[in-house]
>>> print(open('upload.txt').read())   # compact mmCIF, C-alpha atoms
# COMPACT_ATOMS: atom_id res chain seq x y z
CA MET A 22 53.98 75.01 113.50
CA ARG A 23 57.24 77.00 113.60
CA LYS A 24 56.16 79.06 110.60
CA ASP A 25 52.79 79.86 112.19
CA ASN A 26 54.43 81.08 115.39
CA PHE A 27 56.91 83.18 113.44
CA ILE A 28 54.07 84.80 111.49
CA LYS A 29 52.18 85.54 114.72
CA LEU A 30 55.27 87.06 116.31
CA LEU A 31 56.05 89.14 113.24
CA SER A 32 52.43 90.33 113.06
CA CYS A 33 52.53 91.49 116.69
CA ILE A 34 55.77 93.36 116.11
CA VAL A 35 54.57 95.06 112.91
CA VAL A 36 51.22 96.10 114.43
CA ILE A 37 52.73 97.47 117.65
CA VAL A 38 55.69 99.25 116.05
CA GLY A 39 53.52 100.64 113.25
CA SER A 40 50.87 101.87 115.68
CA PHE A 41 53.54 103.41 117.90
CA ALA A 42 55.12 105.26 114.97
CA PHE A 43 51.82 106.63 113.65
CA PHE A 44 49.79 107.30 116.79
CA VAL A 45 52.09 108.13 119.70
CA GLN A 46 52.63 111.78 118.70
CA PRO A 47 48.94 112.56 117.85
CA LEU A 48 47.79 110.89 121.08
CA ALA A 49 50.33 112.75 123.21
CA SER A 50 49.39 116.08 121.60
CA SER A 51 45.64 115.55 122.05
CA ILE A 52 45.79 115.01 125.83
CA ARG A 53 44.65 118.01 127.85
CA GLN A 54 47.61 119.83 129.35
CA GLY A 55 47.88 121.53 132.72
CA LEU A 56 49.00 125.05 133.46
CA ASP A 57 52.65 124.08 133.88
CA LEU A 58 52.74 122.81 130.29
CA GLN A 59 50.77 125.46 128.42
CA GLY A 60 50.68 128.47 130.72
CA GLY A 61 47.73 130.13 132.42
CA THR A 62 46.49 131.27 135.82
CA HIS A 63 46.00 129.33 139.06
CA VAL A 64 43.68 130.91 141.65
CA VAL A 65 42.78 129.70 145.14
CA LEU A 66 39.62 131.14 146.74
CA GLU A 67 38.59 130.82 150.38
CA ALA A 68 35.07 131.44 151.67
CA GLU A 69 34.55 133.57 154.76
CA ASP A 70 31.72 133.73 157.30
CA THR A 71 29.85 137.03 157.51
CA PRO A 72 26.87 138.16 159.62
CA GLN A 73 24.73 137.89 156.48
CA ALA A 74 25.84 134.43 155.32
CA GLN A 75 27.60 131.48 156.93
CA VAL A 76 29.82 129.06 155.01
CA ASN A 77 28.38 125.56 154.67
CA ASP A 78 28.43 122.72 152.15
CA ASP A 79 25.38 123.99 150.27
CA ALA A 80 26.82 127.50 149.99
CA MET A 81 30.15 126.15 148.70
CA GLY A 82 28.33 124.05 146.11
CA ARG A 83 26.55 127.17 144.87
CA VAL A 84 29.84 129.10 144.78
CA VAL A 85 31.33 126.41 142.54
CA ARG A 86 28.33 126.59 140.18
CA VAL A 87 28.56 130.39 139.98
CA MET A 88 32.29 130.17 139.30
CA GLU A 89 31.70 127.60 136.57
CA LYS A 90 29.23 129.95 134.89
CA ARG A 91 31.61 132.90 135.14
CA VAL A 92 34.59 130.98 133.81
CA ASN A 93 32.58 129.43 130.97
CA GLU A 94 31.42 132.90 129.99
CA MET A 95 35.08 133.81 129.42
CA GLY A 96 35.27 131.32 126.56
CA LEU A 97 38.33 129.51 127.96
CA THR A 98 39.37 126.03 126.89
CA GLU A 99 39.21 123.25 129.49
CA PRO A 100 39.18 125.27 132.74
CA ILE A 101 39.45 123.33 136.00
CA ILE A 102 37.26 124.24 138.99
CA GLN A 103 37.35 122.02 142.06
CA ARG A 104 36.78 122.20 145.79
CA GLU A 105 39.61 121.76 148.26
CA GLY A 106 38.51 121.03 151.78
CA SER A 107 35.42 122.69 153.24
CA ARG A 108 36.14 126.34 152.38
CA ARG A 109 38.53 126.52 149.43
CA ILE A 110 38.08 126.38 145.66
CA ILE A 111 40.89 125.92 143.15
CA ILE A 112 40.44 127.45 139.70
CA GLU A 113 42.87 126.83 136.86
CA LEU A 114 42.52 128.89 133.69
CA PRO A 115 44.84 127.52 130.98
CA GLY A 116 45.92 129.71 128.11
CA ILE A 117 44.37 132.90 129.50
CA LYS A 118 45.66 136.13 127.96
CA ASP A 119 44.66 138.64 130.66
CA PRO A 120 45.07 137.03 134.11
CA ASP A 121 44.36 140.25 136.02
CA ALA A 122 40.97 140.71 134.35
CA ALA A 123 40.12 137.04 134.92
CA ILE A 124 41.00 137.23 138.62
CA LYS A 125 38.94 140.39 138.98
CA THR A 126 35.96 138.76 137.30
CA ILE A 127 35.90 135.51 139.25
CA GLY A 128 36.56 137.25 142.57
CA LYS A 129 33.61 139.64 142.40
CA THR A 130 30.70 138.91 144.70
CA ALA A 131 28.40 140.45 142.06
CA MET A 132 25.70 141.76 144.41
CA LEU A 133 23.53 143.89 142.11
CA GLU A 134 21.09 146.21 143.88
CA PHE A 135 18.48 148.75 142.77
CA LYS A 136 17.97 151.40 145.45
CA ASP A 137 15.60 154.33 145.77
CA GLU A 138 16.65 157.78 146.96
CA GLU A 139 16.15 156.73 150.58
CA GLY A 140 18.74 153.96 150.10
CA ASN A 141 16.23 151.13 150.33
CA THR A 142 17.11 148.06 148.25
CA VAL A 143 14.04 147.31 146.15
CA MET A 144 15.49 144.80 143.67
CA THR A 145 18.58 142.55 143.43
CA GLY A 146 20.34 140.54 140.78
CA THR A 147 18.08 137.58 141.47
CA ASP A 148 15.36 139.43 139.55
CA LEU A 149 17.48 139.42 136.39
CA LYS A 150 16.83 137.14 133.43
CA ASP A 151 19.66 138.24 131.15
CA ALA A 152 22.38 140.87 130.75
CA GLN A 153 24.17 141.66 127.48
CA ALA A 154 26.88 144.19 126.61
CA ALA A 155 26.25 146.47 123.65
CA THR A 156 26.98 149.89 122.20
CA ASN A 157 24.06 152.31 122.14
CA GLN A 158 23.59 153.28 118.51
CA GLN A 159 22.22 156.73 119.34
CA SER A 160 24.59 157.90 122.08
CA GLY A 161 27.58 155.71 121.19
CA GLN A 162 27.94 154.72 124.85
CA ASN A 163 28.95 151.25 126.00
CA VAL A 164 26.02 149.86 127.95
CA VAL A 165 24.69 146.69 129.54
CA ASN A 166 21.14 145.84 128.54
CA LEU A 167 19.15 144.20 131.32
CA GLU A 168 16.16 141.94 130.91
CA PHE A 169 14.20 141.07 134.04
CA SER A 170 12.28 137.96 134.95
CA ASP A 171 8.49 138.17 135.07
CA GLU A 172 8.57 138.92 138.79
CA GLY A 173 11.50 141.29 138.33
CA ALA A 174 9.74 143.13 135.50
CA GLN A 175 6.78 143.81 137.78
CA LYS A 176 9.07 145.02 140.58
CA PHE A 177 10.93 147.31 138.18
CA ALA A 178 7.69 148.72 136.83
CA ASP A 179 6.48 149.47 140.38
CA LEU A 180 9.88 150.97 141.27
CA THR A 181 9.95 153.35 138.29
CA LEU A 182 6.26 154.21 138.71
CA LYS A 183 6.81 155.34 142.30
CA ASN A 184 10.03 157.22 141.52
CA VAL A 185 9.18 159.33 138.46
CA GLY A 186 11.36 162.46 138.61
CA ARG A 187 13.67 160.87 141.14
CA THR A 188 16.88 158.84 140.82
CA ILE A 189 17.39 155.11 141.16
CA ALA A 190 20.88 153.99 142.15
CA ILE A 191 22.14 150.79 140.55
CA SER A 192 25.10 149.42 142.52
CA LEU A 193 27.36 146.41 142.25
CA ASP A 194 29.02 145.14 145.43
CA GLY A 195 28.15 148.41 147.15
CA GLU A 196 29.68 150.57 144.43
CA VAL A 197 27.24 152.77 142.50
CA LEU A 198 27.47 152.02 138.81
CA THR A 199 24.91 154.53 137.64
CA ALA A 200 22.10 156.63 139.12
CA PRO A 201 19.68 157.45 136.29
CA ASN A 202 16.77 159.84 136.66
CA VAL A 203 13.41 158.21 136.06
CA ARG A 204 11.53 160.23 133.47
CA GLU A 205 8.61 157.84 133.07
CA PRO A 206 7.56 154.38 134.25
CA ILE A 207 9.35 151.52 132.46
CA MET A 208 6.89 148.73 131.87
CA GLY A 209 8.69 146.49 129.38
CA GLY A 210 10.84 144.58 131.84
CA LYS A 211 14.07 145.97 130.36
CA ALA A 212 16.66 148.52 131.46
CA GLU A 213 20.05 149.84 130.53
CA ILE A 214 23.19 150.40 132.64
CA THR A 215 25.54 153.10 131.37
CA GLY A 216 28.92 154.31 132.56
CA GLN A 217 31.28 151.68 131.14
CA LYS A 218 34.27 153.31 129.45
CA THR A 219 34.98 150.43 127.07
CA LEU A 220 32.99 147.61 125.54
CA GLU A 221 35.27 145.14 127.37
CA GLU A 222 34.21 146.62 130.71
CA ALA A 223 30.56 146.32 129.69
CA GLN A 224 31.12 142.67 128.69
CA GLU A 225 32.83 141.94 132.01
CA LEU A 226 29.90 143.43 133.93
CA ALA A 227 27.41 141.48 131.82
CA VAL A 228 29.26 138.23 132.63
CA LEU A 229 29.05 138.96 136.36
CA LEU A 230 25.36 139.79 136.21
CA ARG A 231 24.44 136.75 134.13
CA SER A 232 26.37 134.35 136.36
CA GLY A 233 24.70 135.63 139.52
CA ALA A 234 25.82 136.68 142.95
CA LEU A 235 27.97 134.57 145.23
CA PRO A 236 26.05 133.26 148.25
CA VAL A 237 28.99 133.90 150.61
CA LYS A 238 31.98 136.19 150.69
CA VAL A 239 35.12 134.77 149.07
CA ASN A 240 38.70 135.99 149.24
CA ILE A 241 41.52 135.33 146.80
CA ILE A 242 44.34 133.89 148.93
CA GLU A 243 46.69 132.72 146.18
CA THR A 244 47.33 133.49 142.53
CA ARG A 245 49.99 131.98 140.33
CA THR A 246 50.54 132.79 136.69
CA VAL A 247 52.56 130.63 134.31
CA GLY A 248 53.49 132.48 131.12
CA PRO A 249 53.07 130.76 127.73
CA THR A 250 56.83 130.89 127.14
CA LEU A 251 57.58 129.16 130.43
CA GLY A 252 54.80 126.67 129.74
CA GLN A 253 56.22 125.85 126.29
CA ASP A 254 59.69 125.46 127.78
CA SER A 255 58.31 123.02 130.37
CA LYS A 256 56.50 121.10 127.63
CA ASP A 257 59.65 120.84 125.50
CA LYS A 258 61.73 119.66 128.46
CA SER A 259 59.12 117.09 129.51
CA GLN A 260 58.94 115.70 125.96
CA PHE A 261 62.73 115.52 125.83
CA ALA A 262 62.84 113.73 129.19
CA PHE A 263 60.18 111.26 128.04
CA VAL A 264 62.02 110.47 124.78
CA VAL A 265 65.40 110.14 126.51
CA GLY A 266 63.98 107.98 129.29
CA LEU A 267 62.12 105.68 126.91
CA GLY A 268 65.08 105.47 124.53
CA ALA A 269 67.54 104.66 127.32
CA VAL A 270 65.29 101.89 128.60
CA LEU A 271 64.87 100.38 125.12
CA ILE A 272 68.64 100.37 124.52
CA PHE A 273 69.38 98.93 127.96
CA MET A 274 67.02 96.00 127.44
CA VAL A 275 68.49 95.09 124.05
CA LEU A 276 72.09 95.34 125.28
CA PHE A 277 71.54 93.21 128.37
CA TYR A 278 68.90 90.74 127.23
CA ARG A 279 69.29 90.71 123.45
CA VAL A 280 66.25 88.98 121.92
CA CYS A 281 64.33 88.89 125.20
CA GLY A 282 65.08 92.59 125.62
CA PHE A 283 63.82 93.30 122.11
CA VAL A 284 60.54 91.54 122.92
CA ALA A 285 60.25 93.55 126.15
CA ASP A 286 60.83 96.74 124.15
CA ILE A 287 57.95 95.91 121.83
CA ALA A 288 55.70 95.35 124.85
CA LEU A 289 56.90 98.67 126.26
CA MET A 290 55.81 100.45 123.07
CA ALA A 291 52.38 98.85 123.43
CA TYR A 292 52.28 100.00 127.05
CA THR A 293 53.06 103.60 126.08
CA LEU A 294 50.29 103.62 123.46
CA LEU A 295 47.76 102.11 125.87
CA LEU A 296 48.63 104.61 128.58
CA LEU A 297 48.23 107.63 126.28
CA PHE A 298 44.96 106.21 124.93
CA VAL A 299 43.53 105.70 128.43
CA LEU A 300 44.56 109.22 129.52
CA LYS A 301 42.89 110.63 126.41
CA THR A 302 39.74 108.51 126.90
CA PHE A 303 39.30 109.63 130.52
CA ASP A 304 40.05 113.26 129.61
CA ALA A 305 42.89 113.41 132.12
CA THR A 306 44.93 116.57 132.53
CA LEU A 307 48.63 116.00 131.95
CA THR A 308 51.02 118.00 134.13
CA LEU A 309 54.77 117.88 134.76
CA PRO A 310 54.31 115.56 137.78
CA GLY A 311 52.06 113.46 135.52
CA VAL A 312 54.89 113.12 133.00
CA ALA A 313 57.14 112.06 135.88
CA GLY A 314 54.55 109.44 136.80
CA ILE A 315 54.59 108.07 133.24
CA ILE A 316 58.38 107.84 133.19
CA LEU A 317 58.32 106.13 136.60
CA THR A 318 55.84 103.49 135.41
CA ILE A 319 57.99 102.83 132.33
CA GLY A 320 60.82 101.98 134.71
CA MET A 321 58.48 99.75 136.70
CA ALA A 322 57.43 97.89 133.54
CA VAL A 323 61.08 97.24 132.68
CA ASP A 324 61.79 96.18 136.26
CA ALA A 325 59.08 93.53 135.94
CA ASN A 326 60.66 92.20 132.75
CA VAL A 327 64.10 92.09 134.39
CA LEU A 328 62.70 89.99 137.25
CA ILE A 329 61.03 87.64 134.79
CA PHE A 330 64.14 87.21 132.63
CA GLU A 331 66.41 86.57 135.62
CA HIS A 332 64.09 83.85 136.92
CA PHE A 333 63.92 82.53 133.35
CA LYS A 334 67.72 82.08 133.34
CA GLU A 335 67.75 80.43 136.75
CA GLU A 336 65.21 77.85 135.62
CA PHE A 337 67.16 77.15 132.44
CA ARG A 338 70.34 76.52 134.43
CA LEU A 339 68.49 73.70 136.18
CA GLY A 340 68.22 71.88 132.85
CA LYS A 341 64.65 72.68 131.91
CA SER A 342 63.62 73.37 128.33
CA LEU A 343 63.21 76.96 127.17
CA ARG A 344 59.41 76.72 127.20
CA LEU A 345 59.28 75.25 130.71
CA SER A 346 61.92 77.67 131.95
CA MET A 347 59.93 80.62 130.62
CA ASP A 348 56.68 79.43 132.21
CA ALA A 349 58.42 78.86 135.53
CA GLY A 350 60.18 82.22 135.30
CA PHE A 351 56.90 84.05 134.85
CA LYS A 352 55.25 82.16 137.70
CA ARG A 353 58.10 82.82 140.12
CA ALA A 354 58.32 86.50 139.23
CA PHE A 355 54.58 87.08 139.35
CA THR A 356 54.30 87.16 143.16
CA THR A 357 57.08 89.71 143.52
CA ILE A 358 55.73 91.87 140.70
CA PHE A 359 52.18 91.68 142.04
CA ASP A 360 53.20 92.65 145.59
CA SER A 361 55.31 95.62 144.50
CA ASN A 362 52.63 96.89 142.16
CA VAL A 363 49.86 96.56 144.74
CA THR A 364 51.83 98.71 147.20
CA THR A 365 52.37 101.27 144.43
CA LEU A 366 48.64 101.30 143.66
CA ILE A 367 47.87 101.88 147.34
CA ALA A 368 50.33 104.77 147.47
CA ALA A 369 48.80 106.26 144.30
CA ALA A 370 45.30 106.00 145.78
CA VAL A 371 46.40 107.76 148.97
CA LEU A 372 48.02 110.56 146.96
CA PHE A 373 44.88 110.97 144.86
CA PHE A 374 42.40 111.15 147.73
CA LEU A 375 44.55 113.21 150.11
CA GLY A 376 46.50 115.29 147.61
CA THR A 377 45.47 118.27 145.52
CA GLY A 378 46.25 119.79 142.15
CA THR A 379 49.32 118.40 140.40
CA ILE A 380 49.83 115.77 143.12
CA ARG A 381 46.55 114.18 142.05
CA GLY A 382 47.70 114.31 138.42
CA PHE A 383 50.83 112.38 139.37
CA ALA A 384 48.69 109.87 141.29
CA VAL A 385 46.38 109.29 138.30
CA THR A 386 49.19 108.58 135.84
CA LEU A 387 50.99 106.42 138.40
CA PHE A 388 47.85 104.36 139.11
CA ILE A 389 46.87 103.84 135.46
CA GLY A 390 50.46 103.27 134.38
CA THR A 391 51.04 100.64 137.06
CA LEU A 392 47.99 98.64 136.00
CA LEU A 393 48.91 98.79 132.32
CA SER A 394 52.57 97.94 132.98
CA MET A 395 51.48 94.75 134.74
CA LEU A 396 49.28 93.87 131.77
CA THR A 397 51.97 94.36 129.14
CA ALA A 398 54.94 93.04 131.13
CA ILE A 399 53.23 89.86 132.26
CA THR A 400 50.73 89.06 129.49
CA LEU A 401 51.98 90.57 126.23
CA THR A 402 55.65 89.77 126.82
CA GLN A 403 54.81 86.18 127.71
CA TYR A 404 52.75 85.61 124.57
CA MET A 405 55.42 87.04 122.29
CA LEU A 406 58.14 84.96 123.96
CA LYS A 407 56.04 81.83 123.44
CA PHE A 408 55.76 82.62 119.74
CA LEU A 409 59.52 83.25 119.57
CA ILE A 410 60.50 80.05 121.37
CA ASN A 411 58.12 77.92 119.31
CA ALA A 412 59.44 79.50 116.10
CA ASN A 413 62.98 78.39 117.14
CA ILE A 414 64.73 80.87 114.85
CA PHE A 415 67.69 82.05 116.98
CA LYS A 416 70.38 79.50 117.81
CA GLY A 417 73.86 81.03 117.63
CA PRO A 418 76.06 82.39 120.43
CA GLY A 419 75.59 85.88 118.96
CA TRP A 420 72.17 85.97 120.63
CA TYR A 421 73.58 85.65 124.13
CA GLY A 422 72.60 88.21 126.63
CA ALA A 423 75.01 90.04 128.92
CA ASN A 424 75.13 87.01 131.22
CA GLY A 425 75.27 84.32 128.56
CA PHE A 426 71.52 83.99 128.10
CA MET A 427 70.00 83.51 124.66
CA LEU A 428 66.79 82.33 123.09
CA GLY A 429 67.08 79.23 120.94
CA GLU A 430 69.74 77.22 122.76
CA VAL A 431 72.76 77.56 125.02
CA THR A 432 75.99 76.00 123.75
CA LYS A 433 78.04 73.76 125.99
CA ASN A 434 80.71 76.33 126.61
CA ALA A 435 78.29 79.20 127.18
CA LYS A 436 78.75 80.93 130.50
CA VAL A 437 75.44 80.87 132.30
>>> encode(input="upload.txt", output="structure tokens")
Amino acid sequence: MRKDNFIKLLSCIVVIVGSFAFFVQPLASSIRQGLDLQGGTHVVLEAEDTPQAQVNDDAMGRVVRVMEKRVNEMGLTEPIIQREGSRRIIIELPGIKDPDAAIKTIGKTAMLEFKDEEGNTVMTGTDLKDAQAATNQQSGQNVVNLEFSDEGAQKFADLTLKNVGRTIAISLDGEVLTAPNVREPIMGGKAEITGQKTLEEAQELAVLLRSGALPVKVNIIETRTVGPTLGQDSKDKSQFAFVVGLGAVLIFMVLFYRVCGFVADIALMAYTLLLLFVLKTFDATLTLPGVAGIILTIGMAVDANVLIFEHFKEEFRLGKSLRLSMDAGFKRAFTTIFDSNVTTLIAAAVLFFLGTGTIRGFAVTLFIGTLLSMLTAITLTQYMLKFLINANIFKGPGWYGANGFMLGEVTKNAKV
């Protein structure tokens, strides 16, 4: 019986420590990182009422979809686009190399118009099917090739047919891009916009045209850029803080609670792995406040073990056996642990639903970490202590804790 319990305990320790050693770094590196850890651009947009279009929920939903198309066209990794309130949209572009160009692109209203010489708008960007940047092989100019929808192709054919020998102005957001002279009717449903100085400008225009026009006017009210160097520095400091915090907790538990502390440390390693795995599974974005939330929940997990061990000692002083003292210690501590964690979960939920940006990231890690810390501190620690007590392998005074507590037995002259 003792041998079986020792084997079970040893198996738990080997599996947890081995998994921690091999998987903690890959898991931590694979979690999506926020702007403050890898650098990038943070933009806040606010919609504005105009005589032509009023801001409402439907319009804001369409703005978000247009922004998603524009940002995705940039080829960025893991951008974040979310609404804030009734009129604002937050856009985070991690790892972007040219923040000014990105801000210019996402802030354009992209109202494409085809006007005749009288200034009448005959066609708009809604008649477009596709727009692609290219370099004209004959002239060497950077151009944007337009392809119209079936309805747009018919409109364009009628427009060019009626304006042979005259000019057609193609404007974007009221600014004339080009005003070509119509030499003959264009019946193929395709056209070409010239005037871009570089291929990058042509590609930027093509992105705007493909993504479509914004249904309402939007203004950029805030921009914040985090450089890659600053982001890397923040990442290094957060990793250092995590390692120092975890290491200090592990050492504290062993110094003050000896064998019990060692068992709690093993459970803490399991907690860290579980937390990183859950964050990776739910594709959470890790930010500096999120790292703070993780470190905070590590402290909460240790606090739960401290409460359990102190009640454990109190029960043992009353003359109960180690097994009964442990069971009673866990039962007495459970109510306190449960109450404190429930209030923390409520606070995390409030922060998530009422907060924005990095505050929500902190709330997510705090909520998940609190749940997992309860699981490991109450369940995993208890099972491993049962295996340890049943194995009955530690009996000498050298296994006393800071207050005279040890697993195995307490000698007559032990100070408890």
>>> closest_residue(input="upload.txt", among="A:Ser170, A:Lys176, A:Val165, A:Leu30", to="Gln217 (chain A)", atoms="all atoms listed in the file")
A:Val165
>>> closest_residue(input="upload.txt", among="A:Glu205, A:Glu138, A:Asp79, A:Asp286", to="Leu271 (chain A)", atoms="only C-alpha atoms")
A:Asp286
>>> atom_distance(input="upload.txt", atom1="CA of Ile389 (chain A)", atom2="CA of Ile315 (chain A)")
9.1 Å
>>> residues_around(input="upload.txt", residues="Gly320 (chain A)", least_positions_apart="4", cutoff="10 Å", atoms="all atoms listed in the file", output="list in words")
Gly266, Leu267, Val270, Leu289, Gly314, Ile315, Ile316, Asp324, Ala325, Asn326 and Ser394 of chain A
>>> write_last_selection(input="upload.txt", atoms="C-alpha atoms", output="PDB file, in the coordinates of the input")
ATOM      1  CA  GLY A 266      63.980 107.980 129.290  1.00  0.00           C
ATOM      2  CA  LEU A 267      62.120 105.680 126.910  1.00  0.00           C
ATOM      3  CA  VAL A 270      65.290 101.890 128.600  1.00  0.00           C
ATOM      4  CA  LEU A 289      56.900  98.670 126.260  1.00  0.00           C
ATOM      5  CA  GLY A 314      54.550 109.440 136.800  1.00  0.00           C
ATOM      6  CA  ILE A 315      54.590 108.070 133.240  1.00  0.00           C
ATOM      7  CA  ILE A 316      58.380 107.840 133.190  1.00  0.00           C
ATOM      8  CA  ASP A 324      61.790  96.180 136.260  1.00  0.00           C
ATOM      9  CA  ALA A 325      59.080  93.530 135.940  1.00  0.00           C
ATOM     10  CA  ASN A 326      60.660  92.200 132.750  1.00  0.00           C
ATOM     11  CA  SER A 394      52.570  97.940 132.980  1.00  0.00           C
TER      12      SER A 394
END
>>> residues_around(input="upload.txt", residues="Asp25 (chain A)", least_positions_apart="4", cutoff="10 Å", atoms="only C-alpha atoms", output="short mmCIF file (atom, residue, chain, number, x, y, z; two decimals) with C-alpha atoms, in the frame of the given file")
data_model
loop_
_atom_site.label_atom_id
_atom_site.label_comp_id
_atom_site.auth_asym_id
_atom_site.auth_seq_id
_atom_site.Cartn_x
_atom_site.Cartn_y
_atom_site.Cartn_z
CA LYS A 29 52.18 85.54 114.72
CA LEU A 30 55.27 87.06 116.31
CA LEU A 31 56.05 89.14 113.24
CA PHE A 408 55.76 82.62 119.74
CA ASN A 411 58.12 77.92 119.31
CA ALA A 412 59.44 79.50 116.10
#
>>> atom_distance(input="upload.txt", atom1="CA of Thr145 (chain A)", atom2="CA of Pro100 (chain A)")
28.9 Å
>>> closest_residue(input="upload.txt", among="A:Glu67, A:Asp179, A:Asp360, A:Asp57", to="Lys238 (chain A)", atoms="all atoms listed in the file")
A:Glu67
>>> closest_residue(input="upload.txt", among="A:Ala313, A:Ala49, A:Ile207, A:Leu180", to="Leu297 (chain A)", atoms="all atoms listed in the file")
A:Ala49
>>> closest_residue(input="upload.txt", among="A:Val247, A:Leu343, A:Leu167, A:Val327", to="Ile399 (chain A)", atoms="all atoms listed in the file")
A:Val327
>>> atom_distance(input="upload.txt", atom1="CA of Gly106 (chain A)", atom2="CA of Val65 (chain A)")
11.7 Å
>>> residues_near_point(input="upload.txt", point="(31.8, 141.6, 125.7)", cutoff="7 Å", atoms="only C-alpha atoms", output="compact mmCIF listing (two decimals) with C-alpha atoms, keeping the file's coordinate frame")
# COMPACT_ATOMS: atom_id res chain seq x y z
CA ALA A 154 26.88 144.19 126.61
CA LEU A 220 32.99 147.61 125.54
CA GLU A 221 35.27 145.14 127.37
CA ALA A 223 30.56 146.32 129.69
CA GLN A 224 31.12 142.67 128.69
CA GLU A 225 32.83 141.94 132.01
>>> closest_residue(input="upload.txt", among="A:Ile319, A:Ala384, A:Ala80, A:Val85", to="Leu66 (chain A)", atoms="all atoms listed in the file")
A:Val85
>>> residues_around(input="upload.txt", residues="Leu114 (chain A)", least_positions_apart="6", cutoff="7 Å", atoms="only C-alpha atoms", output="list in words")
Gly61, Thr62, His63, Pro100 and Ile101 of chain A
>>> decode(input="upload.txt", residues="region 217-229 of chain A", atoms="N, CA, C and O atoms", output="PDB file, in the first residue's frame")
ATOM      1  N   GLN A 217      -0.594  57.066 -60.298  1.00  0.00           N
ATOM      2  CA  GLN A 217       0.111  56.693 -59.082  1.00  0.00           C
ATOM      3  C   GLN A 217       1.626  56.734 -59.336  1.00  0.00           C
ATOM      4  O   GLN A 217       2.119  56.148 -60.300  1.00  0.00           O
ATOM      5  N   LYS A 218       2.347  57.410 -58.473  1.00  0.00           N
ATOM      6  CA  LYS A 218       3.778  57.579 -58.678  1.00  0.00           C
ATOM      7  C   LYS A 218       4.552  56.285 -58.435  1.00  0.00           C
ATOM      8  O   LYS A 218       5.552  56.012 -59.089  1.00  0.00           O
ATOM      9  N   THR A 219       4.111  55.511 -57.454  1.00  0.00           N
ATOM     10  CA  THR A 219       4.811  54.262 -57.145  1.00  0.00           C
ATOM     11  C   THR A 219       3.825  53.106 -57.153  1.00  0.00           C
ATOM     12  O   THR A 219       2.597  53.305 -57.060  1.00  0.00           O
ATOM     13  N   LEU A 220       4.361  51.903 -57.231  1.00  0.00           N
ATOM     14  CA  LEU A 220       3.511  50.722 -57.198  1.00  0.00           C
ATOM     15  C   LEU A 220       2.845  50.575 -55.830  1.00  0.00           C
ATOM     16  O   LEU A 220       1.711  50.095 -55.737  1.00  0.00           O
ATOM     17  N   GLU A 221       3.535  51.028 -54.765  1.00  0.00           N
ATOM     18  CA  GLU A 221       2.955  50.966 -53.417  1.00  0.00           C
ATOM     19  C   GLU A 221       1.706  51.835 -53.324  1.00  0.00           C
ATOM     20  O   GLU A 221       0.715  51.446 -52.703  1.00  0.00           O
ATOM     21  N   GLU A 222       1.737  53.014 -53.945  1.00  0.00           N
ATOM     22  CA  GLU A 222       0.561  53.883 -53.956  1.00  0.00           C
ATOM     23  C   GLU A 222      -0.585  53.214 -54.704  1.00  0.00           C
ATOM     24  O   GLU A 222      -1.751  53.303 -54.287  1.00  0.00           O
ATOM     25  N   ALA A 223      -0.262  52.571 -55.823  1.00  0.00           N
ATOM     26  CA  ALA A 223      -1.294  51.872 -56.594  1.00  0.00           C
ATOM     27  C   ALA A 223      -1.890  50.728 -55.773  1.00  0.00           C
ATOM     28  O   ALA A 223      -3.112  50.506 -55.788  1.00  0.00           O
ATOM     29  N   GLN A 224      -1.050  50.011 -55.023  1.00  0.00           N
ATOM     30  CA  GLN A 224      -1.541  48.905 -54.193  1.00  0.00           C
ATOM     31  C   GLN A 224      -2.425  49.422 -53.060  1.00  0.00           C
ATOM     32  O   GLN A 224      -3.442  48.813 -52.729  1.00  0.00           O
ATOM     33  N   GLU A 225      -2.042  50.556 -52.487  1.00  0.00           N
ATOM     34  CA  GLU A 225      -2.843  51.162 -51.420  1.00  0.00           C
ATOM     35  C   GLU A 225      -4.224  51.556 -51.936  1.00  0.00           C
ATOM     36  O   GLU A 225      -5.254  51.310 -51.282  1.00  0.00           O
ATOM     37  N   LEU A 226      -4.268  52.152 -53.119  1.00  0.00           N
ATOM     38  CA  LEU A 226      -5.537  52.546 -53.717  1.00  0.00           C
ATOM     39  C   LEU A 226      -6.383  51.326 -54.039  1.00  0.00           C
ATOM     40  O   LEU A 226      -7.603  51.322 -53.806  1.00  0.00           O
ATOM     41  N   ALA A 227      -5.748  50.283 -54.544  1.00  0.00           N
ATOM     42  CA  ALA A 227      -6.486  49.055 -54.880  1.00  0.00           C
ATOM     43  C   ALA A 227      -7.126  48.447 -53.630  1.00  0.00           C
ATOM     44  O   ALA A 227      -8.258  47.958 -53.669  1.00  0.00           O
ATOM     45  N   VAL A 228      -6.395  48.473 -52.492  1.00  0.00           N
ATOM     46  CA  VAL A 228      -6.935  47.963 -51.232  1.00  0.00           C
ATOM     47  C   VAL A 228      -8.189  48.728 -50.841  1.00  0.00           C
ATOM     48  O   VAL A 228      -9.217  48.146 -50.465  1.00  0.00           O
ATOM     49  N   LEU A 229      -8.125  50.054 -50.932  1.00  0.00           N
ATOM     50  CA  LEU A 229      -9.274  50.885 -50.575  1.00  0.00           C
ATOM     51  C   LEU A 229     -10.477  50.582 -51.457  1.00  0.00           C
ATOM     52  O   LEU A 229     -11.614  50.488 -50.986  1.00  0.00           O
TER      53      LEU A 229
END
